[in-house]
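Novice: entry.txt is reproduced in full below (compact mmCIF, N, CA and C atoms).
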```
# COMPACT_ATOMS: atom_id res chain seq x y z
N GLY A 24 -180.33 -87.19 175.25
CA GLY A 24 -180.86 -85.90 175.64
C GLY A 24 -180.71 -84.90 174.52
N THR A 25 -180.96 -83.66 174.86
CA THR A 25 -180.93 -82.58 173.88
C THR A 25 -180.22 -81.37 174.46
N LEU A 26 -179.39 -80.72 173.66
CA LEU A 26 -178.82 -79.44 174.05
C LEU A 26 -179.83 -78.36 173.74
N LEU A 27 -179.98 -77.42 174.65
CA LEU A 27 -180.95 -76.33 174.51
C LEU A 27 -180.24 -74.99 174.41
N PRO A 28 -180.87 -73.99 173.82
CA PRO A 28 -180.24 -72.66 173.77
C PRO A 28 -179.87 -72.13 175.17
N SER A 29 -180.67 -72.45 176.17
CA SER A 29 -180.39 -71.97 177.53
C SER A 29 -179.12 -72.60 178.11
N ASP A 30 -178.66 -73.71 177.53
CA ASP A 30 -177.43 -74.35 178.02
C ASP A 30 -176.20 -73.47 177.78
N GLU A 31 -176.31 -72.48 176.91
CA GLU A 31 -175.20 -71.55 176.67
C GLU A 31 -174.85 -70.76 177.92
N ARG A 32 -175.77 -70.71 178.88
CA ARG A 32 -175.53 -69.98 180.13
C ARG A 32 -175.10 -70.92 181.25
N SER A 33 -174.59 -72.08 180.90
CA SER A 33 -174.22 -73.08 181.91
C SER A 33 -172.87 -72.77 182.54
N VAL A 34 -172.64 -73.39 183.67
CA VAL A 34 -171.37 -73.30 184.38
C VAL A 34 -170.86 -74.71 184.59
N ALA A 35 -169.60 -74.94 184.25
CA ALA A 35 -169.00 -76.26 184.42
C ALA A 35 -168.44 -76.39 185.83
N ILE A 36 -168.56 -77.58 186.37
CA ILE A 36 -167.98 -77.90 187.68
C ILE A 36 -166.91 -78.96 187.44
N GLY A 37 -165.73 -78.75 187.98
CA GLY A 37 -164.66 -79.72 187.80
C GLY A 37 -163.89 -79.92 189.09
N GLY A 38 -163.02 -80.90 189.06
CA GLY A 38 -162.20 -81.17 190.22
C GLY A 38 -161.56 -82.54 190.15
N THR A 39 -160.99 -82.94 191.24
CA THR A 39 -160.32 -84.22 191.33
C THR A 39 -161.32 -85.37 191.26
N ARG A 40 -160.84 -86.52 190.83
CA ARG A 40 -161.69 -87.73 190.82
C ARG A 40 -161.80 -88.33 192.21
N SER A 41 -160.97 -87.86 193.13
CA SER A 41 -160.96 -88.38 194.50
C SER A 41 -161.15 -87.23 195.49
N PRO A 42 -162.35 -86.63 195.52
CA PRO A 42 -162.55 -85.48 196.40
C PRO A 42 -162.58 -85.89 197.88
N THR A 43 -162.22 -84.94 198.72
CA THR A 43 -162.35 -85.13 200.15
C THR A 43 -163.79 -84.83 200.54
N THR A 44 -164.12 -85.05 201.79
CA THR A 44 -165.45 -84.69 202.29
C THR A 44 -165.69 -83.20 202.07
N TYR A 45 -164.65 -82.38 202.33
CA TYR A 45 -164.75 -80.94 202.11
C TYR A 45 -165.12 -80.64 200.66
N GLY A 46 -164.46 -81.29 199.70
CA GLY A 46 -164.73 -81.06 198.28
C GLY A 46 -166.16 -81.42 197.90
N ARG A 47 -166.64 -82.57 198.39
CA ARG A 47 -168.02 -82.97 198.09
C ARG A 47 -169.02 -82.00 198.70
N GLU A 48 -168.76 -81.56 199.95
CA GLU A 48 -169.66 -80.61 200.61
C GLU A 48 -169.63 -79.25 199.92
N ALA A 49 -168.45 -78.81 199.48
CA ALA A 49 -168.34 -77.52 198.78
C ALA A 49 -169.12 -77.58 197.47
N ALA A 50 -169.00 -78.67 196.73
CA ALA A 50 -169.74 -78.81 195.47
C ALA A 50 -171.24 -78.80 195.73
N ALA A 51 -171.68 -79.51 196.75
CA ALA A 51 -173.11 -79.55 197.08
C ALA A 51 -173.62 -78.17 197.47
N LEU A 52 -172.87 -77.45 198.28
CA LEU A 52 -173.27 -76.12 198.72
C LEU A 52 -173.34 -75.14 197.55
N LEU A 53 -172.34 -75.17 196.68
CA LEU A 53 -172.31 -74.25 195.56
C LEU A 53 -173.41 -74.52 194.53
N THR A 54 -173.86 -75.74 194.44
CA THR A 54 -174.83 -76.09 193.40
C THR A 54 -176.24 -76.30 193.92
N GLU A 55 -176.47 -76.24 195.22
CA GLU A 55 -177.78 -76.60 195.75
C GLU A 55 -178.92 -75.69 195.29
N ASN A 56 -178.64 -74.45 194.99
CA ASN A 56 -179.70 -73.53 194.56
C ASN A 56 -179.66 -73.22 193.07
N TRP A 57 -178.79 -73.89 192.34
CA TRP A 57 -178.72 -73.69 190.90
C TRP A 57 -179.86 -74.42 190.24
N LEU A 58 -180.51 -73.75 189.34
CA LEU A 58 -181.53 -74.40 188.52
C LEU A 58 -180.88 -74.70 187.20
N GLY A 59 -180.77 -75.91 186.88
CA GLY A 59 -180.10 -76.22 185.64
C GLY A 59 -180.15 -77.70 185.33
N ARG A 60 -179.51 -78.02 184.27
CA ARG A 60 -179.48 -79.39 183.79
C ARG A 60 -178.04 -79.89 183.82
N THR A 61 -177.89 -81.17 183.80
CA THR A 61 -176.57 -81.76 183.71
C THR A 61 -176.27 -82.08 182.26
N ILE A 62 -175.10 -81.66 181.82
CA ILE A 62 -174.61 -82.03 180.50
C ILE A 62 -173.29 -82.77 180.75
N ALA A 63 -173.29 -84.04 180.44
CA ALA A 63 -172.09 -84.86 180.62
C ALA A 63 -171.35 -84.93 179.29
N VAL A 64 -170.04 -84.70 179.32
CA VAL A 64 -169.22 -84.76 178.12
C VAL A 64 -168.29 -85.97 178.27
N LEU A 65 -168.45 -86.94 177.39
CA LEU A 65 -167.69 -88.18 177.48
C LEU A 65 -166.44 -88.14 176.61
N ALA A 66 -165.43 -88.88 177.05
CA ALA A 66 -164.19 -89.03 176.28
C ALA A 66 -164.17 -90.40 175.61
N ARG A 67 -165.31 -90.81 175.12
CA ARG A 67 -165.47 -92.12 174.47
C ARG A 67 -166.71 -92.04 173.60
N GLY A 68 -166.96 -93.08 172.84
CA GLY A 68 -168.20 -93.15 172.08
C GLY A 68 -169.40 -93.27 173.01
N LEU A 69 -170.53 -92.77 172.57
CA LEU A 69 -171.73 -92.79 173.41
C LEU A 69 -172.23 -94.20 173.70
N ASP A 70 -171.76 -95.18 172.97
CA ASP A 70 -172.17 -96.56 173.21
C ASP A 70 -171.27 -97.27 174.22
N ARG A 71 -170.28 -96.59 174.76
CA ARG A 71 -169.31 -97.18 175.70
C ARG A 71 -169.53 -96.62 177.10
N LEU A 72 -170.42 -97.21 177.86
CA LEU A 72 -170.68 -96.75 179.21
C LEU A 72 -169.75 -97.47 180.17
N ASP A 73 -168.97 -96.70 180.91
CA ASP A 73 -168.03 -97.28 181.86
C ASP A 73 -167.85 -96.30 183.00
N PRO A 74 -167.97 -96.68 184.23
CA PRO A 74 -168.25 -98.03 184.71
C PRO A 74 -169.73 -98.40 184.53
N LYS A 75 -169.97 -99.67 184.49
CA LYS A 75 -171.32 -100.20 184.23
C LYS A 75 -172.32 -99.79 185.31
N ASP A 76 -171.85 -99.56 186.54
CA ASP A 76 -172.79 -99.18 187.60
C ASP A 76 -173.31 -97.75 187.44
N HIS A 77 -172.87 -97.05 186.40
CA HIS A 77 -173.38 -95.70 186.11
C HIS A 77 -174.54 -95.72 185.11
N THR A 78 -175.05 -96.89 184.80
CA THR A 78 -176.12 -97.01 183.82
C THR A 78 -177.34 -96.16 184.21
N GLY A 79 -177.74 -96.21 185.47
CA GLY A 79 -178.89 -95.41 185.94
C GLY A 79 -178.62 -93.92 185.84
N LEU A 80 -177.43 -93.49 186.23
CA LEU A 80 -177.06 -92.08 186.15
C LEU A 80 -177.05 -91.61 184.70
N PHE A 81 -176.49 -92.44 183.82
CA PHE A 81 -176.44 -92.13 182.39
C PHE A 81 -177.86 -91.90 181.85
N ALA A 82 -178.78 -92.80 182.20
CA ALA A 82 -180.17 -92.69 181.73
C ALA A 82 -180.84 -91.44 182.30
N GLN A 83 -180.57 -91.14 183.57
CA GLN A 83 -181.16 -89.95 184.20
C GLN A 83 -180.66 -88.67 183.53
N ILE A 84 -179.37 -88.60 183.24
CA ILE A 84 -178.82 -87.41 182.58
C ILE A 84 -179.41 -87.27 181.18
N GLN A 85 -179.53 -88.40 180.45
CA GLN A 85 -180.13 -88.34 179.11
C GLN A 85 -181.55 -87.80 179.16
N GLU A 86 -182.30 -88.22 180.17
CA GLU A 86 -183.71 -87.82 180.28
C GLU A 86 -183.86 -86.36 180.67
N MET A 87 -182.99 -85.88 181.57
CA MET A 87 -183.17 -84.54 182.13
C MET A 87 -182.14 -83.53 181.63
N GLY A 88 -181.20 -83.97 180.82
CA GLY A 88 -180.14 -83.09 180.34
C GLY A 88 -179.63 -83.59 179.01
N ALA A 89 -178.32 -83.81 178.94
CA ALA A 89 -177.73 -84.31 177.69
C ALA A 89 -176.41 -85.00 177.99
N VAL A 90 -176.12 -86.01 177.21
CA VAL A 90 -174.82 -86.68 177.23
C VAL A 90 -174.24 -86.49 175.84
N VAL A 91 -173.05 -85.89 175.75
CA VAL A 91 -172.47 -85.60 174.45
C VAL A 91 -171.05 -86.13 174.35
N SER A 92 -170.61 -86.34 173.14
CA SER A 92 -169.25 -86.76 172.85
C SER A 92 -168.92 -86.38 171.42
N GLU A 93 -167.68 -86.02 171.18
CA GLU A 93 -167.27 -85.78 169.80
C GLU A 93 -166.61 -87.02 169.21
N GLN A 94 -166.58 -88.09 170.00
CA GLN A 94 -165.99 -89.34 169.54
C GLN A 94 -167.03 -90.20 168.83
N PRO A 95 -166.63 -90.90 167.79
CA PRO A 95 -167.58 -91.80 167.11
C PRO A 95 -167.90 -93.01 167.99
N LEU A 96 -168.97 -93.69 167.65
CA LEU A 96 -169.35 -94.91 168.37
C LEU A 96 -168.19 -95.91 168.34
N ARG A 97 -168.14 -96.72 169.35
CA ARG A 97 -167.15 -97.79 169.52
C ARG A 97 -165.75 -97.30 169.90
N VAL A 98 -165.56 -95.99 170.08
CA VAL A 98 -164.26 -95.49 170.53
C VAL A 98 -164.16 -95.66 172.04
N ARG A 99 -163.07 -96.26 172.47
CA ARG A 99 -162.83 -96.47 173.89
C ARG A 99 -162.08 -95.26 174.46
N PRO A 100 -162.18 -95.04 175.78
CA PRO A 100 -161.44 -93.93 176.37
C PRO A 100 -159.94 -94.11 176.16
N ASP A 101 -159.27 -93.03 175.93
CA ASP A 101 -157.84 -93.03 175.69
C ASP A 101 -157.29 -91.75 176.33
N SER A 102 -156.15 -91.84 176.97
CA SER A 102 -155.61 -90.67 177.69
C SER A 102 -155.43 -89.46 176.79
N ARG A 103 -155.25 -89.67 175.50
CA ARG A 103 -155.07 -88.54 174.58
C ARG A 103 -156.38 -87.80 174.30
N ILE A 104 -157.51 -88.45 174.57
CA ILE A 104 -158.82 -87.86 174.29
C ILE A 104 -159.24 -86.90 175.40
N PHE A 105 -158.83 -87.16 176.63
CA PHE A 105 -159.32 -86.37 177.77
C PHE A 105 -159.04 -84.88 177.67
N PRO A 106 -157.84 -84.43 177.26
CA PRO A 106 -157.64 -82.98 177.13
C PRO A 106 -158.60 -82.35 176.12
N ARG A 107 -158.87 -83.05 175.01
CA ARG A 107 -159.83 -82.52 174.04
C ARG A 107 -161.24 -82.50 174.63
N ARG A 108 -161.58 -83.52 175.40
CA ARG A 108 -162.89 -83.55 176.06
C ARG A 108 -163.00 -82.37 177.03
N ASN A 109 -161.93 -82.07 177.77
CA ASN A 109 -161.95 -80.96 178.72
C ASN A 109 -162.12 -79.62 178.00
N ARG A 110 -161.60 -79.53 176.79
CA ARG A 110 -161.80 -78.32 175.97
C ARG A 110 -163.28 -78.13 175.68
N LEU A 111 -164.00 -79.22 175.44
CA LEU A 111 -165.45 -79.14 175.19
C LEU A 111 -166.20 -78.73 176.44
N ILE A 112 -165.79 -79.26 177.59
CA ILE A 112 -166.46 -78.91 178.85
C ILE A 112 -166.40 -77.41 179.07
N SER A 113 -165.22 -76.83 178.92
CA SER A 113 -165.11 -75.38 179.14
C SER A 113 -165.76 -74.60 178.01
N GLY A 114 -165.69 -75.11 176.79
CA GLY A 114 -166.26 -74.41 175.64
C GLY A 114 -167.78 -74.36 175.65
N LEU A 115 -168.41 -75.33 176.27
CA LEU A 115 -169.88 -75.36 176.35
C LEU A 115 -170.42 -74.49 177.47
N SER A 116 -169.54 -73.87 178.25
CA SER A 116 -169.94 -73.17 179.47
C SER A 116 -169.56 -71.69 179.41
N LEU A 117 -170.27 -70.90 180.21
CA LEU A 117 -169.87 -69.50 180.39
C LEU A 117 -168.61 -69.42 181.24
N GLY A 118 -168.51 -70.36 182.16
CA GLY A 118 -167.38 -70.35 183.07
C GLY A 118 -167.21 -71.70 183.73
N LEU A 119 -166.21 -71.76 184.57
CA LEU A 119 -165.81 -73.00 185.20
C LEU A 119 -165.56 -72.76 186.68
N VAL A 120 -166.03 -73.67 187.52
CA VAL A 120 -165.71 -73.66 188.94
C VAL A 120 -164.93 -74.94 189.22
N MET A 121 -163.68 -74.80 189.65
CA MET A 121 -162.84 -75.95 189.96
C MET A 121 -162.82 -76.13 191.47
N ILE A 122 -163.22 -77.31 191.91
CA ILE A 122 -163.28 -77.63 193.33
C ILE A 122 -162.28 -78.75 193.59
N GLU A 123 -161.28 -78.49 194.34
CA GLU A 123 -160.23 -79.44 194.70
C GLU A 123 -159.54 -80.04 193.47
N ALA A 124 -158.32 -79.70 193.29
CA ALA A 124 -157.50 -80.29 192.24
C ALA A 124 -156.05 -80.18 192.68
N ALA A 125 -155.39 -81.29 192.69
CA ALA A 125 -153.97 -81.31 193.05
C ALA A 125 -153.17 -81.04 191.79
N GLY A 126 -152.25 -81.88 191.46
CA GLY A 126 -151.44 -81.68 190.27
C GLY A 126 -151.97 -82.44 189.07
N GLU A 127 -153.20 -82.96 189.17
CA GLU A 127 -153.74 -83.75 188.07
C GLU A 127 -153.77 -82.94 186.78
N VAL A 128 -153.51 -83.62 185.69
CA VAL A 128 -153.46 -82.97 184.39
C VAL A 128 -154.85 -82.52 183.94
N GLY A 129 -155.88 -83.32 184.16
CA GLY A 129 -157.22 -83.01 183.68
C GLY A 129 -157.76 -81.67 184.16
N PRO A 130 -157.82 -81.45 185.48
CA PRO A 130 -158.31 -80.15 185.95
C PRO A 130 -157.47 -78.99 185.44
N ARG A 131 -156.16 -79.20 185.36
CA ARG A 131 -155.26 -78.15 184.86
C ARG A 131 -155.61 -77.80 183.41
N HIS A 132 -155.79 -78.82 182.57
CA HIS A 132 -156.16 -78.59 181.17
C HIS A 132 -157.50 -77.86 181.08
N THR A 133 -158.46 -78.25 181.91
CA THR A 133 -159.78 -77.63 181.84
C THR A 133 -159.71 -76.15 182.17
N VAL A 134 -158.96 -75.80 183.21
CA VAL A 134 -158.80 -74.38 183.57
C VAL A 134 -158.08 -73.63 182.45
N TYR A 135 -157.01 -74.18 181.92
CA TYR A 135 -156.27 -73.50 180.86
C TYR A 135 -157.12 -73.34 179.60
N HIS A 136 -157.90 -74.36 179.26
CA HIS A 136 -158.80 -74.24 178.11
C HIS A 136 -159.82 -73.13 178.35
N ALA A 137 -160.39 -73.08 179.54
CA ALA A 137 -161.37 -72.04 179.85
C ALA A 137 -160.76 -70.65 179.66
N LEU A 138 -159.56 -70.46 180.16
CA LEU A 138 -158.90 -69.15 180.02
C LEU A 138 -158.60 -68.83 178.56
N GLU A 139 -158.15 -69.83 177.79
CA GLU A 139 -157.89 -69.62 176.36
C GLU A 139 -159.16 -69.28 175.60
N GLN A 140 -160.30 -69.81 176.06
CA GLN A 140 -161.58 -69.58 175.39
C GLN A 140 -162.30 -68.35 175.93
N ASP A 141 -161.59 -67.54 176.71
CA ASP A 141 -162.13 -66.32 177.29
C ASP A 141 -163.34 -66.61 178.18
N ARG A 142 -163.26 -67.69 178.93
CA ARG A 142 -164.30 -68.04 179.90
C ARG A 142 -163.81 -67.64 181.29
N GLN A 143 -164.74 -67.45 182.19
CA GLN A 143 -164.40 -67.19 183.58
C GLN A 143 -163.95 -68.50 184.22
N ALA A 144 -162.92 -68.45 185.04
CA ALA A 144 -162.45 -69.64 185.76
C ALA A 144 -162.35 -69.28 187.24
N PHE A 145 -163.06 -70.03 188.05
CA PHE A 145 -163.06 -69.83 189.49
C PHE A 145 -162.53 -71.09 190.16
N CYS A 146 -161.79 -70.90 191.23
CA CYS A 146 -161.29 -72.04 192.00
C CYS A 146 -161.74 -71.87 193.44
N VAL A 147 -162.18 -72.95 194.04
CA VAL A 147 -162.58 -72.94 195.45
C VAL A 147 -161.33 -73.18 196.28
N SER A 148 -161.09 -72.29 197.23
CA SER A 148 -159.91 -72.47 198.08
C SER A 148 -160.08 -73.72 198.93
N GLY A 149 -158.97 -74.34 199.22
CA GLY A 149 -158.97 -75.55 200.03
C GLY A 149 -157.99 -75.44 201.18
N ASN A 150 -157.93 -76.50 201.94
CA ASN A 150 -157.02 -76.58 203.06
C ASN A 150 -155.58 -76.42 202.54
N ILE A 151 -154.83 -75.51 203.12
CA ILE A 151 -153.47 -75.24 202.64
C ILE A 151 -152.53 -76.41 202.93
N PHE A 152 -152.94 -77.34 203.78
CA PHE A 152 -152.11 -78.50 204.10
C PHE A 152 -152.53 -79.74 203.31
N SER A 153 -153.55 -79.61 202.48
CA SER A 153 -154.07 -80.75 201.73
C SER A 153 -153.51 -80.74 200.31
N LEU A 154 -152.87 -81.84 199.92
CA LEU A 154 -152.32 -81.94 198.56
C LEU A 154 -153.40 -81.84 197.51
N VAL A 155 -154.63 -82.28 197.82
CA VAL A 155 -155.70 -82.26 196.84
C VAL A 155 -156.15 -80.84 196.49
N SER A 156 -155.70 -79.87 197.27
CA SER A 156 -156.05 -78.46 196.99
C SER A 156 -154.88 -77.66 196.42
N ASP A 157 -153.76 -78.32 196.14
CA ASP A 157 -152.57 -77.60 195.65
C ASP A 157 -152.85 -76.74 194.43
N PHE A 158 -153.46 -77.32 193.41
CA PHE A 158 -153.67 -76.58 192.16
C PHE A 158 -154.67 -75.44 192.33
N THR A 159 -155.80 -75.74 192.98
CA THR A 159 -156.82 -74.68 193.13
C THR A 159 -156.26 -73.54 193.98
N ASN A 160 -155.53 -73.84 195.03
CA ASN A 160 -154.94 -72.76 195.84
C ASN A 160 -153.89 -71.99 195.06
N LEU A 161 -153.10 -72.68 194.24
CA LEU A 161 -152.11 -72.01 193.40
C LEU A 161 -152.79 -71.06 192.41
N MET A 162 -153.88 -71.49 191.81
CA MET A 162 -154.58 -70.65 190.83
C MET A 162 -155.17 -69.41 191.48
N ILE A 163 -155.60 -69.53 192.72
CA ILE A 163 -156.14 -68.36 193.43
C ILE A 163 -155.02 -67.38 193.69
```
Output the file's structure in the form of C-alpha cells.
Specialist:
Amino acid sequence: GTLLPSDERSVAIGGTRSPTTYGREAAALLTENWLGRTIAVLARGLDRLDPKDHTGLFAQIQEMGAVVSEQPLRVRPDSRIFPRRNRLISGLSLGLVMIEAAGEVGPRHTVYHALEQDRQAFCVSGNIFSLVSDFTNLMI
C-alpha cells in the first residue's frame, strides 16, 4: 500500500489481544462512522506474515491502506521489537484510543509513547470488575 498525506490525521486503535464481547462491540461502535484507511504496523519484516490465516486481511489492507514496518526483510517478531513498533503506531497518529487493556505491556507502552509524542490518548472505560479493563480504567 501507500501512505498518504491525509494519513497524518489518523487515529490509532489499541487494546488487548483478547478482547471481551464488550471490547469488540465498543471498537465497532467507535469506528463504524469513521471514514479512513487501515494502516498496519508490523513488528517483523514485511515478508513474514504470521499467522498464515491473515493472508487475505494482509492483502486487503495493502490494497486499501498500507502495511508498514521499520524492520528489514526476513526479521522475525521479537519481544524487544514490539515497544518500538508501538512507538510508530502512536507516532503515525494524531491520537490513540485504547479499548480494554489489563496490565499488558504493549498497550501501556503505546499510551506512554503517545503521551511522550504529545499525542492525545483516550481510554474507553470498562467494567470495574473486569481485569481486562484494569489499565484503561486506571488511566481514566
Novice: Applying 9 Å and only C-alpha atoms, which residues near A:Ile62 remain after dropping the ones on its own chain fewer than 2 positions away? List them as an mmCIF file with N, CA and C atoms, keeping the file's coordinate frame.
Specialist:
```
data_model
loop_
_atom_site.group_PDB
_atom_site.id
_atom_site.type_symbol
_atom_site.label_atom_id
_atom_site.label_comp_id
_atom_site.auth_asym_id
_atom_site.auth_seq_id
_atom_site.Cartn_x
_atom_site.Cartn_y
_atom_site.Cartn_z
ATOM 1 N N GLY A 24 -180.330 -87.190 175.250
ATOM 2 C CA GLY A 24 -180.860 -85.900 175.640
ATOM 3 C C GLY A 24 -180.710 -84.900 174.520
ATOM 4 N N LEU A 26 -179.390 -80.720 173.660
ATOM 5 C CA LEU A 26 -178.820 -79.440 174.050
ATOM 6 C C LEU A 26 -179.830 -78.360 173.740
ATOM 7 N N ASP A 30 -178.660 -73.710 177.530
ATOM 8 C CA ASP A 30 -177.430 -74.350 178.020
ATOM 9 C C ASP A 30 -176.200 -73.470 177.780
ATOM 10 N N ALA A 35 -169.600 -74.940 184.250
ATOM 11 C CA ALA A 35 -169.000 -76.260 184.420
ATOM 12 C C ALA A 35 -168.440 -76.390 185.830
ATOM 13 N N ARG A 60 -179.510 -78.020 184.270
ATOM 14 C CA ARG A 60 -179.480 -79.390 183.790
ATOM 15 C C ARG A 60 -178.040 -79.890 183.820
ATOM 16 N N VAL A 64 -170.040 -84.700 179.320
ATOM 17 C CA VAL A 64 -169.220 -84.760 178.120
ATOM 18 C C VAL A 64 -168.290 -85.970 178.270
ATOM 19 N N ILE A 84 -179.370 -88.600 183.240
ATOM 20 C CA ILE A 84 -178.820 -87.410 182.580
ATOM 21 C C ILE A 84 -179.410 -87.270 181.180
ATOM 22 N N GLN A 85 -179.530 -88.400 180.450
ATOM 23 C CA GLN A 85 -180.130 -88.340 179.110
ATOM 24 C C GLN A 85 -181.550 -87.800 179.160
ATOM 25 N N GLY A 88 -181.200 -83.970 180.820
ATOM 26 C CA GLY A 88 -180.140 -83.090 180.340
ATOM 27 C C GLY A 88 -179.630 -83.590 179.010
ATOM 28 N N ALA A 89 -178.320 -83.810 178.940
ATOM 29 C CA ALA A 89 -177.730 -84.310 177.690
ATOM 30 C C ALA A 89 -176.410 -85.000 177.990
ATOM 31 N N VAL A 90 -176.120 -86.010 177.210
ATOM 32 C CA VAL A 90 -174.820 -86.680 177.230
ATOM 33 C C VAL A 90 -174.240 -86.490 175.840
ATOM 34 N N VAL A 91 -173.050 -85.890 175.750
ATOM 35 C CA VAL A 91 -172.470 -85.600 174.450
ATOM 36 C C VAL A 91 -171.050 -86.130 174.350
ATOM 37 N N ILE A 112 -165.790 -79.260 177.590
ATOM 38 C CA ILE A 112 -166.460 -78.910 178.850
ATOM 39 C C ILE A 112 -166.400 -77.410 179.070
#
```
Novice: Please determine, counting only C-alpha atoms, which residue among A:Thr133, A:Ser41, A:Leu52, A:Leu58 has the shortest atom-to-atom distance to A:Gly118.
Specialist: A:Thr133
Novice: Atom CA of A:Ala125 to atom N of A:Leu154: how many Å, to one decimal?
Specialist: 7.0 Å
Novice: Which is closest to A:Gly126 among A:Phe152, A:Phe105, A:Phe145, A:Phe158, if we use all atoms listed in the file?
Specialist: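 Looking only at the distances to A:Gly126, the closest residue turns out to be A:Phe158.
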Novice: Rank A:Arg67, A:Thr25, A:Ser116, A:Met121 by their smallest atom-to-atom distance to A:Gly37, using all atoms listed in the file, and report the top residue only.
Specialist: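 Selected residue with least distance to A:Gly37: A:Met121.
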Novice: Find the distance between atom CA of A:Val134 and atom CA of A:Arg71 and write it in Å to one decimal.
Specialist: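 About the pair atom CA of A:Val134 and atom CA of A:Arg71: they are 26.3 Å apart.
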Novice: One decimal, in Å: what's the spacing between atom C of A:Gly68 and atom CA of A:Leu96?
Specialist: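 Here the two named atoms are 4.9 Å from each other.
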Novice: Within 7 Å of A:Val120, counting all atoms listed in the file, which residues show up once you throw out same-chain ones fewer than 3 positions away? Write them as a short mmCIF file (atom, residue, chain, number, x, y, z; two decimals) with N, CA and C atoms, in the coordinates of the input, please.
Specialist:
```cif
data_model
loop_
_atom_site.label_atom_id
_atom_site.label_comp_id
_atom_site.auth_asym_id
_atom_site.auth_seq_id
_atom_site.Cartn_x
_atom_site.Cartn_y
_atom_site.Cartn_z
N VAL A 34 -172.64 -73.39 183.67
CA VAL A 34 -171.37 -73.30 184.38
C VAL A 34 -170.86 -74.71 184.59
N ALA A 35 -169.60 -74.94 184.25
CA ALA A 35 -169.00 -76.26 184.42
C ALA A 35 -168.44 -76.39 185.83
N ILE A 36 -168.56 -77.58 186.37
CA ILE A 36 -167.98 -77.90 187.68
C ILE A 36 -166.91 -78.96 187.44
N GLY A 37 -165.73 -78.75 187.98
CA GLY A 37 -164.66 -79.72 187.80
C GLY A 37 -163.89 -79.92 189.09
N GLY A 38 -163.02 -80.90 189.06
CA GLY A 38 -162.20 -81.17 190.22
C GLY A 38 -161.56 -82.54 190.15
N GLN A 143 -164.74 -67.45 182.19
CA GLN A 143 -164.40 -67.19 183.58
C GLN A 143 -163.95 -68.50 184.22
N ALA A 144 -162.92 -68.45 185.04
CA ALA A 144 -162.45 -69.64 185.76
C ALA A 144 -162.35 -69.28 187.24
N PHE A 145 -163.06 -70.03 188.05
CA PHE A 145 -163.06 -69.83 189.49
C PHE A 145 -162.53 -71.09 190.16
N CYS A 146 -161.79 -70.90 191.23
CA CYS A 146 -161.29 -72.04 192.00
C CYS A 146 -161.74 -71.87 193.44
N VAL A 147 -162.18 -72.95 194.04
CA VAL A 147 -162.58 -72.94 195.45
C VAL A 147 -161.33 -73.18 196.28
#
```
Novice: List as a short mmCIF file (atom, residue, chain, number, x, y, z; two decimals) with N, CA and C atoms, in the frame of the given file the protein and nucleic acid residues near A:Leu65, meaning an atom at most 12 Å away when only C-alpha atoms are counted, but skip any in the same chain fewer than 4 places from it.
Specialist:
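This is the output file part36.cif:
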```
data_model
loop_
_atom_site.label_atom_id
_atom_site.label_comp_id
_atom_site.auth_asym_id
_atom_site.auth_seq_id
_atom_site.Cartn_x
_atom_site.Cartn_y
_atom_site.Cartn_z
N LEU A 69 -170.53 -92.77 172.57
CA LEU A 69 -171.73 -92.79 173.41
C LEU A 69 -172.23 -94.20 173.70
N ASP A 70 -171.76 -95.18 172.97
CA ASP A 70 -172.17 -96.56 173.21
C ASP A 70 -171.27 -97.27 174.22
N ARG A 71 -170.28 -96.59 174.76
CA ARG A 71 -169.31 -97.18 175.70
C ARG A 71 -169.53 -96.62 177.10
N LEU A 72 -170.42 -97.21 177.86
CA LEU A 72 -170.68 -96.75 179.21
C LEU A 72 -169.75 -97.47 180.17
N ASP A 73 -168.97 -96.70 180.91
CA ASP A 73 -168.03 -97.28 181.86
C ASP A 73 -167.85 -96.30 183.00
N PHE A 81 -176.49 -92.44 183.82
CA PHE A 81 -176.44 -92.13 182.39
C PHE A 81 -177.86 -91.90 181.85
N ALA A 89 -178.32 -83.81 178.94
CA ALA A 89 -177.73 -84.31 177.69
C ALA A 89 -176.41 -85.00 177.99
N VAL A 90 -176.12 -86.01 177.21
CA VAL A 90 -174.82 -86.68 177.23
C VAL A 90 -174.24 -86.49 175.84
N VAL A 91 -173.05 -85.89 175.75
CA VAL A 91 -172.47 -85.60 174.45
C VAL A 91 -171.05 -86.13 174.35
N SER A 92 -170.61 -86.34 173.14
CA SER A 92 -169.25 -86.76 172.85
C SER A 92 -168.92 -86.38 171.42
N GLU A 93 -167.68 -86.02 171.18
CA GLU A 93 -167.27 -85.78 169.80
C GLU A 93 -166.61 -87.02 169.21
N GLN A 94 -166.58 -88.09 170.00
CA GLN A 94 -165.99 -89.34 169.54
C GLN A 94 -167.03 -90.20 168.83
N PRO A 95 -166.63 -90.90 167.79
CA PRO A 95 -167.58 -91.80 167.11
C PRO A 95 -167.90 -93.01 167.99
N LEU A 96 -168.97 -93.69 167.65
CA LEU A 96 -169.35 -94.91 168.37
C LEU A 96 -168.19 -95.91 168.34
N VAL A 98 -165.56 -95.99 170.08
CA VAL A 98 -164.26 -95.49 170.53
C VAL A 98 -164.16 -95.66 172.04
N ARG A 99 -163.07 -96.26 172.47
CA ARG A 99 -162.83 -96.47 173.89
C ARG A 99 -162.08 -95.26 174.46
N PRO A 100 -162.18 -95.04 175.78
CA PRO A 100 -161.44 -93.93 176.37
C PRO A 100 -159.94 -94.11 176.16
N ASP A 101 -159.27 -93.03 175.93
CA ASP A 101 -157.84 -93.03 175.69
C ASP A 101 -157.29 -91.75 176.33
N ILE A 104 -157.51 -88.45 174.57
CA ILE A 104 -158.82 -87.86 174.29
C ILE A 104 -159.24 -86.90 175.40
N PHE A 105 -158.83 -87.16 176.63
CA PHE A 105 -159.32 -86.37 177.77
C PHE A 105 -159.04 -84.88 177.67
N PRO A 106 -157.84 -84.43 177.26
CA PRO A 106 -157.64 -82.98 177.13
C PRO A 106 -158.60 -82.35 176.12
N ARG A 107 -158.87 -83.05 175.01
CA ARG A 107 -159.83 -82.52 174.04
C ARG A 107 -161.24 -82.50 174.63
N ARG A 108 -161.58 -83.52 175.40
CA ARG A 108 -162.89 -83.55 176.06
C ARG A 108 -163.00 -82.37 177.03
N ASN A 109 -161.93 -82.07 177.77
CA ASN A 109 -161.95 -80.96 178.72
C ASN A 109 -162.12 -79.62 178.00
N ARG A 110 -161.60 -79.53 176.79
CA ARG A 110 -161.80 -78.32 175.97
C ARG A 110 -163.28 -78.13 175.68
N LEU A 111 -164.00 -79.22 175.44
CA LEU A 111 -165.45 -79.14 175.19
C LEU A 111 -166.20 -78.73 176.44
N ILE A 112 -165.79 -79.26 177.59
CA ILE A 112 -166.46 -78.91 178.85
C ILE A 112 -166.40 -77.41 179.07
#
```
